[in-house]
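A.B. asks: Dropping the structure in here first, questions after.
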Amino acid sequence: MSATTANATPATPAPQAGFRPPNIALTTLGLALASFMQVLDLTIANVSLPTISGNLGGSANQATWVITSFAVSNAIALPLTGWLTRHFGERKLFVWATFLFVIASLLCGMASSMGLLVAARALQGFVAGPMYPITQALLISIYPAHKRGQAIALLAMVTVVAPIAGPILGGWITDNYSWEWIFFINVPIGLFASAVVGSQLRGRPERLEKPKMDYVGLITLVIGVGALQILLDLGNDEDWFRSQLIVWLAIASAISLIVFVIWELTDKDPIVNLRLFRHRNFSAGTAAMVVAYAAFFRDCILVPLWLQRNLGFTPLCAALATAPIGILPVILTPFVGRYAHKFDLRWLATIAFIAMSMTSFARSGFNLDVDFHHIALVQLFQGFGVALFFMPVLQILLSDLQPHEIAAGSGLATFMRTLGGSFAASLTTYAWTERGAVHHAHITEKLSAYDPATTGMIARLGGGDLQRGAAMLERMISNQAAQIGFNEIFHLLGLIFLAVIVFVWFAKPPFTPKVGGAAEAGAGPWPGPSPARR
């Protein structure tokens, strides 16, 4: 038991028997809706930024802060989940975070200026931070041991489907109603989830503590993560380290995060429990989750951009071409959750990463003549890998945490995954642009205005108009160079997915979340008999 736990004074008695809500299906629905709403808001505003900036009189750069403010505050709040849980309890934290998310959503929809919208989005991102980890911890706690895989699988499905649905739903609402409703739709969903979960889990035993505020950890976390997230969001626009702003952000982030890590590992009551990485499965599972999710997130970013920029797809056609990735996870996830415990989860994750690697290698062979159906078919097959990815890896990383560590561990793993996605988002477009520029230079260096073959091609393309023909040739070269860069990136992603398999096999079974022992001794809200060890 850590010094923190030993010095804590429980505000409630230790649980003596397993708690089950009066209606577990209704409770699950409330938790799932809240999680879906929160994950959906990561992407729902993206396609509406031009409309929002136009209506509020903001510039394109100001509009990006609608996304950045949410991401920065969300990244800061995620690792604080463990401390907040110890102080307020899981039920109360979920109810209040969800209710405040509703208030923040109302403020977003009612914003009359870009500054007010950015501030409301920052509040929305911060209160959203604990929602996903707490939902995960609550789902695990209310289900019996043999059904916990299904609960985790449900959250895995939400994690996959919500980001895909966000841009489609956001575009449809903006086109048919108004941008404000992308935020107003959260109000009834959030109120329902907050009320249902609050009432169904009333009386649930929880262990509360009064941890002291770790001000050094909090300040260094805010500066380090905030500066890093802003650096990642602005890096492409500011030309990375050629910008003095980016250099100073990098220095501030590096110094703050180094101090943060040293302080949190040595302080006896840290605000973020980095000692969770002493657990082998948590470390291995988190490493696999972060790297694989970053690679998967690069897929989700690059494919729609490529469809619109290089193949000329409309936003709706691009969304329809990529949407099949969500079909198999929706169909297969309930079965994965029900039957996964019969298999070694490391093999399921291995199959998932092989499938996702195969789709990446398939995309590395695409050309500018690939058709809609081929693209959609590859997306559909990738959904098979996605269906087997999230639930097994989530269960692996949670499996050797003590019951009272699950909320903190989930928050820390989600924070690491979010940072991985941020790195992927920032580096993807940069790498694609850079590789395209390299290949553009390689292609054009073989052309010469004095070469009869080149001048003849320009004349044919322009129908005799050399200027028009030269412009058309330039577009063809740019598209081909971008295509080669696209293929190179996906070849690399295929190798990354294969490499992630190594992390998974560092984990050791059993992979069932702990429910006995510590809980029965008063260490957490997961009472009941220990599950049978496989």
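Going through the structure tokens in order, the chains are called A, B, and so on, while each chain numbers its residues from 1 and the ligands are numbered from 1 in the order shown.
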DSSP on the backbone, then: every residue of range 47-254 of chain A marked alpha helix (DSSP H), written as a ChimeraX atom specification.

C.D. replies: /A:49-56,60-77,81-88,90-110,114-128,131-142,148-176,181-184,186-200,215-234,244-254

A.B. asks: Using only C-alpha atoms, which protein or nucleic acid residues come within 9 Å of range 256-273 of chain A? Drop anything in the same chain fewer than 3 positions from it, and give the result as an mmCIF file with all heavy atoms, in the first residue's frame.

C.D. replies:
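Listed below is the output, part17.cif:
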data_model
loop_
_atom_site.group_PDB
_atom_site.id
_atom_site.type_symbol
_atom_site.label_atom_id
_atom_site.label_comp_id
_atom_site.auth_asym_id
_atom_site.auth_seq_id
_atom_site.Cartn_x
_atom_site.Cartn_y
_atom_site.Cartn_z
ATOM 1 N N SER A 2 0.556 2.214 -0.859
ATOM 2 C CA SER A 2 1.382 3.416 -0.974
ATOM 3 C C SER A 2 1.201 4.297 0.229
ATOM 4 O O SER A 2 0.274 4.162 1.014
ATOM 5 C CB SER A 2 1.009 4.181 -2.248
ATOM 6 O OG SER A 2 -0.289 4.678 -2.119
ATOM 7 N N ALA A 3 2.117 5.261 0.353
ATOM 8 C CA ALA A 3 2.014 6.211 1.454
ATOM 9 C C ALA A 3 0.727 6.979 1.382
ATOM 10 O O ALA A 3 0.106 7.294 2.399
ATOM 11 C CB ALA A 3 3.216 7.156 1.409
ATOM 12 N N THR A 4 0.288 7.268 0.165
ATOM 13 C CA THR A 4 -0.970 8.007 -0.014
ATOM 14 C C THR A 4 -2.128 7.228 0.555
ATOM 15 O O THR A 4 -2.981 7.746 1.272
ATOM 16 C CB THR A 4 -1.209 8.280 -1.511
ATOM 17 O OG1 THR A 4 -0.124 9.038 -1.991
ATOM 18 C CG2 THR A 4 -2.487 9.011 -1.740
ATOM 19 N N THR A 5 -2.184 5.945 0.219
ATOM 20 C CA THR A 5 -3.295 5.118 0.687
ATOM 21 C C THR A 5 -3.235 4.921 2.189
ATOM 22 O O THR A 5 -4.251 4.942 2.882
ATOM 23 C CB THR A 5 -3.252 3.756 -0.032
ATOM 24 O OG1 THR A 5 -3.225 3.990 -1.431
ATOM 25 C CG2 THR A 5 -4.420 2.912 0.329
ATOM 26 N N PRO A 79 -5.165 13.132 -16.859
ATOM 27 C CA PRO A 79 -4.345 12.495 -15.817
ATOM 28 C C PRO A 79 -4.744 12.888 -14.404
ATOM 29 O O PRO A 79 -4.245 12.297 -13.443
ATOM 30 C CB PRO A 79 -2.921 12.972 -16.147
ATOM 31 C CG PRO A 79 -3.093 14.225 -16.914
ATOM 32 C CD PRO A 79 -4.361 14.055 -17.691
ATOM 33 N N LEU A 80 -5.622 13.879 -14.248
ATOM 34 C CA LEU A 80 -6.087 14.270 -12.920
ATOM 35 C C LEU A 80 -7.228 13.382 -12.433
ATOM 36 O O LEU A 80 -7.690 13.537 -11.297
ATOM 37 C CB LEU A 80 -6.563 15.728 -12.931
ATOM 38 C CG LEU A 80 -5.534 16.789 -13.316
ATOM 39 C CD1 LEU A 80 -6.184 18.176 -13.299
ATOM 40 C CD2 LEU A 80 -4.352 16.753 -12.378
ATOM 41 N N THR A 81 -7.691 12.462 -13.278
ATOM 42 C CA THR A 81 -8.852 11.643 -12.937
ATOM 43 C C THR A 81 -8.668 10.896 -11.623
ATOM 44 O O THR A 81 -9.582 10.822 -10.792
ATOM 45 C CB THR A 81 -9.141 10.636 -14.070
ATOM 46 O OG1 THR A 81 -9.383 11.350 -15.284
ATOM 47 C CG2 THR A 81 -10.354 9.781 -13.737
ATOM 48 N N GLY A 82 -7.483 10.318 -11.413
ATOM 49 C CA GLY A 82 -7.252 9.562 -10.184
ATOM 50 C C GLY A 82 -7.399 10.420 -8.943
ATOM 51 O O GLY A 82 -8.041 10.021 -7.966
ATOM 52 N N TRP A 83 -6.807 11.611 -8.955
ATOM 53 C CA TRP A 83 -6.889 12.513 -7.803
ATOM 54 C C TRP A 83 -8.330 12.944 -7.573
ATOM 55 O O TRP A 83 -8.817 12.963 -6.429
ATOM 56 C CB TRP A 83 -6.002 13.731 -8.031
ATOM 57 C CG TRP A 83 -5.865 14.625 -6.826
ATOM 58 C CD1 TRP A 83 -4.937 14.547 -5.844
ATOM 59 C CD2 TRP A 83 -6.728 15.728 -6.476
ATOM 60 N NE1 TRP A 83 -5.140 15.538 -4.908
ATOM 61 C CE2 TRP A 83 -6.235 16.269 -5.265
ATOM 62 C CE3 TRP A 83 -7.846 16.302 -7.068
ATOM 63 C CZ2 TRP A 83 -6.839 17.364 -4.644
ATOM 64 C CZ3 TRP A 83 -8.459 17.379 -6.446
ATOM 65 C CH2 TRP A 83 -7.947 17.902 -5.244
ATOM 66 N N LEU A 84 -9.042 13.305 -8.635
ATOM 67 C CA LEU A 84 -10.437 13.737 -8.505
ATOM 68 C C LEU A 84 -11.318 12.609 -7.981
ATOM 69 O O LEU A 84 -12.238 12.845 -7.182
ATOM 70 C CB LEU A 84 -10.954 14.228 -9.863
ATOM 71 C CG LEU A 84 -10.322 15.512 -10.403
ATOM 72 C CD1 LEU A 84 -10.750 15.749 -11.848
ATOM 73 C CD2 LEU A 84 -10.709 16.712 -9.540
ATOM 74 N N PRO A 211 -6.926 13.832 -0.211
ATOM 75 C CA PRO A 211 -5.522 14.029 -0.578
ATOM 76 C C PRO A 211 -5.180 15.506 -0.634
ATOM 77 O O PRO A 211 -5.995 16.335 -1.044
ATOM 78 C CB PRO A 211 -5.437 13.392 -1.971
ATOM 79 C CG PRO A 211 -6.823 13.498 -2.521
ATOM 80 C CD PRO A 211 -7.742 13.363 -1.339
ATOM 81 N N LYS A 212 -3.976 15.837 -0.225
ATOM 82 C CA LYS A 212 -3.560 17.226 -0.310
ATOM 83 C C LYS A 212 -3.328 17.597 -1.770
ATOM 84 O O LYS A 212 -3.065 16.735 -2.615
ATOM 85 C CB LYS A 212 -2.272 17.447 0.487
ATOM 86 C CG LYS A 212 -1.055 16.771 -0.114
ATOM 87 C CD LYS A 212 0.227 17.135 0.620
ATOM 88 C CE LYS A 212 1.448 16.543 -0.081
ATOM 89 N NZ LYS A 212 2.711 16.955 0.559
ATOM 90 N N MET A 213 -3.471 18.868 -2.062
ATOM 91 C CA MET A 213 -3.259 19.329 -3.421
ATOM 92 C C MET A 213 -1.761 19.400 -3.731
ATOM 93 O O MET A 213 -1.006 20.062 -3.017
ATOM 94 C CB MET A 213 -3.894 20.706 -3.625
ATOM 95 C CG MET A 213 -3.595 21.337 -4.990
ATOM 96 S SD MET A 213 -4.021 20.287 -6.408
ATOM 97 C CE MET A 213 -5.809 20.362 -6.343
ATOM 98 N N ASP A 214 -1.356 18.710 -4.760
ATOM 99 C CA ASP A 214 0.031 18.708 -5.210
ATOM 100 C C ASP A 214 0.201 19.876 -6.192
ATOM 101 O O ASP A 214 0.065 19.710 -7.407
ATOM 102 C CB ASP A 214 0.344 17.364 -5.873
ATOM 103 C CG ASP A 214 1.728 17.299 -6.497
ATOM 104 O OD1 ASP A 214 2.554 18.181 -6.190
ATOM 105 O OD2 ASP A 214 1.963 16.380 -7.300
ATOM 106 N N TYR A 215 0.513 21.052 -5.659
ATOM 107 C CA TYR A 215 0.552 22.257 -6.496
ATOM 108 C C TYR A 215 1.705 22.219 -7.501
ATOM 109 O O TYR A 215 1.545 22.663 -8.651
ATOM 110 C CB TYR A 215 0.655 23.503 -5.613
ATOM 111 C CG TYR A 215 -0.603 23.791 -4.846
ATOM 112 C CD1 TYR A 215 -0.701 23.489 -3.484
ATOM 113 C CD2 TYR A 215 -1.701 24.355 -5.473
ATOM 114 C CE1 TYR A 215 -1.863 23.738 -2.772
ATOM 115 C CE2 TYR A 215 -2.876 24.613 -4.773
ATOM 116 C CZ TYR A 215 -2.947 24.307 -3.425
ATOM 117 O OH TYR A 215 -4.107 24.555 -2.732
ATOM 118 N N VAL A 216 2.841 21.680 -7.087
ATOM 119 C CA VAL A 216 3.977 21.591 -8.028
ATOM 120 C C VAL A 216 3.612 20.689 -9.197
ATOM 121 O O VAL A 216 3.842 21.018 -10.377
ATOM 122 C CB VAL A 216 5.239 21.082 -7.315
ATOM 123 C CG1 VAL A 216 6.367 20.853 -8.320
ATOM 124 C CG2 VAL A 216 5.680 22.059 -6.235
ATOM 125 N N GLY A 217 3.028 19.527 -8.894
ATOM 126 C CA GLY A 217 2.620 18.612 -9.947
ATOM 127 C C GLY A 217 1.569 19.220 -10.857
ATOM 128 O O GLY A 217 1.627 19.076 -12.088
ATOM 129 N N LEU A 218 0.586 19.917 -10.263
ATOM 130 C CA LEU A 218 -0.487 20.515 -11.060
ATOM 131 C C LEU A 218 0.054 21.596 -11.989
ATOM 132 O O LEU A 218 -0.266 21.630 -13.185
ATOM 133 C CB LEU A 218 -1.551 21.101 -10.133
ATOM 134 C CG LEU A 218 -2.733 21.809 -10.827
ATOM 135 C CD1 LEU A 218 -3.495 20.826 -11.710
ATOM 136 C CD2 LEU A 218 -3.664 22.438 -9.792
ATOM 137 N N ILE A 219 0.886 22.492 -11.456
ATOM 138 C CA ILE A 219 1.409 23.602 -12.266
ATOM 139 C C ILE A 219 2.291 23.083 -13.395
ATOM 140 O O ILE A 219 2.162 23.510 -14.553
ATOM 141 C CB ILE A 219 2.179 24.594 -11.370
ATOM 142 C CG1 ILE A 219 1.204 25.308 -10.417
ATOM 143 C CG2 ILE A 219 2.927 25.616 -12.220
ATOM 144 C CD1 ILE A 219 1.890 26.128 -9.347
ATOM 145 N N THR A 220 3.194 22.155 -13.088
ATOM 146 C CA THR A 220 4.066 21.628 -14.141
ATOM 147 C C THR A 220 3.278 20.814 -15.164
ATOM 148 O O THR A 220 3.615 20.822 -16.358
ATOM 149 C CB THR A 220 5.185 20.767 -13.537
ATOM 150 O OG1 THR A 220 4.610 19.760 -12.671
ATOM 151 C CG2 THR A 220 6.154 21.616 -12.741
ATOM 152 N N LEU A 221 2.217 20.141 -14.728
ATOM 153 C CA LEU A 221 1.362 19.408 -15.661
ATOM 154 C C LEU A 221 0.664 20.366 -16.621
ATOM 155 O O LEU A 221 0.649 20.153 -17.839
ATOM 156 C CB LEU A 221 0.320 18.584 -14.890
ATOM 157 C CG LEU A 221 -0.740 17.884 -15.746
ATOM 158 C CD1 LEU A 221 -0.118 16.744 -16.531
ATOM 159 C CD2 LEU A 221 -1.883 17.362 -14.871
ATOM 160 N N VAL A 222 0.060 21.434 -16.065
ATOM 161 C CA VAL A 222 -0.667 22.399 -16.893
ATOM 162 C C VAL A 222 0.266 23.043 -17.918
ATOM 163 O O VAL A 222 -0.055 23.131 -19.108
ATOM 164 C CB VAL A 222 -1.335 23.467 -16.012
ATOM 165 C CG1 VAL A 222 -1.888 24.599 -16.873
ATOM 166 C CG2 VAL A 222 -2.454 22.848 -15.176
ATOM 167 N N ILE A 223 1.448 23.495 -17.455
ATOM 168 C CA ILE A 223 2.388 24.158 -18.368
ATOM 169 C C ILE A 223 2.933 23.164 -19.391
ATOM 170 O O ILE A 223 2.960 23.439 -20.596
ATOM 171 C CB ILE A 223 3.545 24.803 -17.578
ATOM 172 C CG1 ILE A 223 3.012 25.927 -16.678
ATOM 173 C CG2 ILE A 223 4.594 25.360 -18.538
ATOM 174 C CD1 ILE A 223 4.067 26.517 -15.762
ATOM 175 N N GLY A 224 3.364 21.987 -18.915
ATOM 176 C CA GLY A 224 3.986 21.016 -19.806
ATOM 177 C C GLY A 224 3.036 20.481 -20.855
ATOM 178 O O GLY A 224 3.343 20.496 -22.061
ATOM 179 N N VAL A 225 1.858 20.016 -20.418
ATOM 180 C CA VAL A 225 0.898 19.440 -21.364
ATOM 181 C C VAL A 225 0.272 20.523 -22.231
ATOM 182 O O VAL A 225 0.084 20.343 -23.444
ATOM 183 C CB VAL A 225 -0.185 18.642 -20.606
ATOM 184 C CG1 VAL A 225 -1.270 18.175 -21.558
ATOM 185 C CG2 VAL A 225 0.443 17.451 -19.899
ATOM 186 N N ILE A 251 10.649 24.311 -25.355
ATOM 187 C CA ILE A 251 11.498 24.448 -24.164
ATOM 188 C C ILE A 251 10.652 24.413 -22.891
ATOM 189 O O ILE A 251 10.964 23.700 -21.923
ATOM 190 C CB ILE A 251 12.315 25.754 -24.233
ATOM 191 C CG1 ILE A 251 13.345 25.682 -25.371
ATOM 192 C CG2 ILE A 251 13.017 26.022 -22.900
ATOM 193 C CD1 ILE A 251 14.052 26.992 -25.637
ATOM 194 N N ALA A 252 9.563 25.189 -22.895
ATOM 195 C CA ALA A 252 8.681 25.230 -21.722
ATOM 196 C C ALA A 252 8.086 23.852 -21.437
ATOM 197 O O ALA A 252 8.028 23.411 -20.278
ATOM 198 C CB ALA A 252 7.568 26.254 -21.938
ATOM 199 N N SER A 253 7.652 23.164 -22.490
ATOM 200 C CA SER A 253 7.052 21.841 -22.311
ATOM 201 C C SER A 253 8.076 20.835 -21.798
ATOM 202 O O SER A 253 7.792 20.081 -20.861
ATOM 203 C CB SER A 253 6.454 21.366 -23.640
ATOM 204 O OG SER A 253 5.937 20.069 -23.514
ATOM 205 N N LEU A 276 1.922 3.722 -11.366
ATOM 206 C CA LEU A 276 1.111 2.673 -11.988
ATOM 207 C C LEU A 276 1.895 1.913 -13.051
ATOM 208 O O LEU A 276 1.583 0.766 -13.360
ATOM 209 C CB LEU A 276 -0.151 3.281 -12.613
ATOM 210 C CG LEU A 276 -1.173 3.879 -11.644
ATOM 211 C CD1 LEU A 276 -2.304 4.545 -12.425
ATOM 212 C CD2 LEU A 276 -1.736 2.819 -10.713
ATOM 213 N N PHE A 277 2.913 2.553 -13.609
ATOM 214 C CA PHE A 277 3.703 1.888 -14.635
ATOM 215 C C PHE A 277 4.587 0.778 -14.060
ATOM 216 O O PHE A 277 5.264 0.089 -14.826
ATOM 217 C CB PHE A 277 4.565 2.911 -15.388
ATOM 218 C CG PHE A 277 3.776 3.754 -16.348
ATOM 219 C CD1 PHE A 277 3.494 5.078 -16.054
ATOM 220 C CD2 PHE A 277 3.296 3.214 -17.524
ATOM 221 C CE1 PHE A 277 2.758 5.858 -16.930
ATOM 222 C CE2 PHE A 277 2.561 3.982 -18.418
ATOM 223 C CZ PHE A 277 2.293 5.308 -18.127
ATOM 224 N N GLU A 405 -7.054 1.437 -8.237
ATOM 225 C CA GLU A 405 -6.178 2.089 -9.206
ATOM 226 C C GLU A 405 -6.796 2.173 -10.599
ATOM 227 O O GLU A 405 -6.225 2.794 -11.499
ATOM 228 C CB GLU A 405 -4.853 1.324 -9.323
ATOM 229 C CG GLU A 405 -4.014 1.325 -8.046
ATOM 230 C CD GLU A 405 -2.778 0.454 -8.176
ATOM 231 O OE1 GLU A 405 -2.833 -0.583 -8.865
ATOM 232 O OE2 GLU A 405 -1.742 0.818 -7.581
ATOM 233 N N ALA A 408 -7.734 5.764 -11.977
ATOM 234 C CA ALA A 408 -6.504 6.518 -12.251
ATOM 235 C C ALA A 408 -5.753 5.923 -13.431
ATOM 236 O O ALA A 408 -5.235 6.652 -14.286
ATOM 237 C CB ALA A 408 -5.608 6.532 -11.011
ATOM 238 N N GLY A 409 -5.691 4.590 -13.498
ATOM 239 C CA GLY A 409 -4.996 3.937 -14.599
ATOM 240 C C GLY A 409 -5.678 4.183 -15.928
ATOM 241 O O GLY A 409 -5.013 4.436 -16.943
ATOM 242 N N LEU A 412 -4.912 7.762 -16.934
ATOM 243 C CA LEU A 412 -3.531 7.932 -17.383
ATOM 244 C C LEU A 412 -3.326 7.309 -18.758
ATOM 245 O O LEU A 412 -2.679 7.896 -19.633
ATOM 246 C CB LEU A 412 -2.580 7.297 -16.360
ATOM 247 C CG LEU A 412 -1.078 7.480 -16.597
ATOM 248 C CD1 LEU A 412 -0.709 8.954 -16.750
ATOM 249 C CD2 LEU A 412 -0.292 6.845 -15.451
#

A.B. asks: Determine, counting only C-alpha atoms, which protein, DNA and RNA residues have an atom within 12 Å of an atom of range 436-444 of chain A; residues of the same chain fewer than 3 positions away are not included. Present the result as a list in words.

C.D. replies: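 With the cut-off at 12 Å, the set is Asn310, Thr429, Tyr430, Ala431, Trp432, Thr433, Leu447, Ser448, Ala449, Thr454, Ala470, Leu473, Glu474, Arg475, Met476, Ile477, Ser478, Asn479, Gln480, Ala481, Ala482, Gln483, Ile484, Gly485, Phe486, Asn487, Glu488 and Ile489 of chain A.
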
A.B. asks: I want to know what sits within 8 Å of range 133-137 of chain A, based on only C-alpha atoms, with residues of the same chain fewer than 6 positions away left out; could you give that as a PyMOL selection string?

C.D. replies: chain A and resi 31-32+35+81+90+93-94+152+155+406-408+410-411+414

A.B. asks: Residues of range 355-402 of chain A within 12 Å of range 160-176 of chain A: nearest atom pair and distance (Å, one decimal) for each, counting only C-alpha atoms, sorted by chain and number, as a Markdown table?

C.D. replies:
| residue | atom | partner | partner_atom | distance |
| --- | --- | --- | --- | --- |
| A:Gln379 | CA | A:Ile164 | CA | 11.9 |
| A:Gln382 | CA | A:Val160 | CA | 11.7 |
| A:Gly383 | CA | A:Val160 | CA | 9.2 |
| A:Phe384 | CA | A:Val160 | CA | 11.8 |
| A:Gly385 | CA | A:Val160 | CA | 11.4 |
| A:Val386 | CA | A:Val160 | CA | 7.7 |
| A:Ala387 | CA | A:Val160 | CA | 8.6 |
| A:Leu388 | CA | A:Val160 | CA | 11.4 |
| A:Phe389 | CA | A:Val160 | CA | 10.1 |
| A:Phe390 | CA | A:Val160 | CA | 8.4 |
| A:Met391 | CA | A:Val160 | CA | 10.7 |

A.B. asks: Generate a file of the selected residues that holds N, CA and C atoms, formatted as an mmCIF file, in the first residue's frame.

C.D. replies:
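The file below, result-v5.cif, is the result:
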data_model
loop_
_atom_site.group_PDB
_atom_site.id
_atom_site.type_symbol
_atom_site.label_atom_id
_atom_site.label_comp_id
_atom_site.auth_asym_id
_atom_site.auth_seq_id
_atom_site.Cartn_x
_atom_site.Cartn_y
_atom_site.Cartn_z
ATOM 1 N N GLN A 379 -11.507 -0.348 -46.181
ATOM 2 C CA GLN A 379 -11.995 0.217 -44.915
ATOM 3 C C GLN A 379 -12.799 -0.818 -44.135
ATOM 4 N N GLN A 382 -10.491 -3.288 -42.529
ATOM 5 C CA GLN A 382 -9.788 -2.719 -41.376
ATOM 6 C C GLN A 382 -10.681 -2.744 -40.143
ATOM 7 N N GLY A 383 -11.997 -2.629 -40.353
ATOM 8 C CA GLY A 383 -12.924 -2.707 -39.232
ATOM 9 C C GLY A 383 -12.822 -4.017 -38.480
ATOM 10 N N PHE A 384 -12.441 -5.099 -39.175
ATOM 11 C CA PHE A 384 -12.228 -6.388 -38.497
ATOM 12 C C PHE A 384 -11.090 -6.266 -37.490
ATOM 13 N N GLY A 385 -10.007 -5.622 -37.910
ATOM 14 C CA GLY A 385 -8.887 -5.416 -36.993
ATOM 15 C C GLY A 385 -9.252 -4.511 -35.835
ATOM 16 N N VAL A 386 -10.014 -3.465 -36.127
ATOM 17 C CA VAL A 386 -10.422 -2.531 -35.082
ATOM 18 C C VAL A 386 -11.294 -3.237 -34.044
ATOM 19 N N ALA A 387 -12.177 -4.130 -34.510
ATOM 20 C CA ALA A 387 -13.075 -4.850 -33.598
ATOM 21 C C ALA A 387 -12.304 -5.698 -32.600
ATOM 22 N N LEU A 388 -11.129 -6.194 -33.009
ATOM 23 C CA LEU A 388 -10.325 -7.042 -32.127
ATOM 24 C C LEU A 388 -9.223 -6.275 -31.404
ATOM 25 N N PHE A 389 -9.130 -4.992 -31.648
ATOM 26 C CA PHE A 389 -8.026 -4.199 -31.108
ATOM 27 C C PHE A 389 -8.341 -3.624 -29.739
ATOM 28 N N PHE A 390 -9.359 -2.777 -29.650
ATOM 29 C CA PHE A 390 -9.540 -1.962 -28.456
ATOM 30 C C PHE A 390 -9.876 -2.777 -27.214
ATOM 31 N N MET A 391 -10.845 -3.667 -27.317
ATOM 32 C CA MET A 391 -11.273 -4.388 -26.111
ATOM 33 C C MET A 391 -10.154 -5.250 -25.514
#

A.B. asks: For range 68-78 of chain A, please output as a ChimeraX atom specification all residues within 10 Å (counting only C-alpha atoms; exclusion window: fewer than 4 positions along the same chain).

C.D. replies: /A:41-42,62-64,82,84,117-133,218,221-230,232-234,272,408,410-419,422

A.B. asks: For CA of Ala424 in chain A and CA of Phe490 in chain A, determine how far apart the two atoms are, in Å to one decimal place.

C.D. replies: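 Answer for the CA of Ala424 in chain A to CA of Phe490 in chain A separation: 12.9 Å.
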
A.B. asks: Pick out the residues sitting within 10 Å of range 341-344 of chain A, and hand them over as a list in words; count only C-alpha atoms, and ignore anything fewer than 2 positions along from it in its own chain.

C.D. replies: His146, Lys147, Arg148, Gly149, Gln150, Val336, Gly337, Arg338, Tyr339, Arg346, Trp347, Leu348, Ala349, Pro392, Lys508, Pro509, Pro510, Phe511, Thr512 and Arg534 of chain A
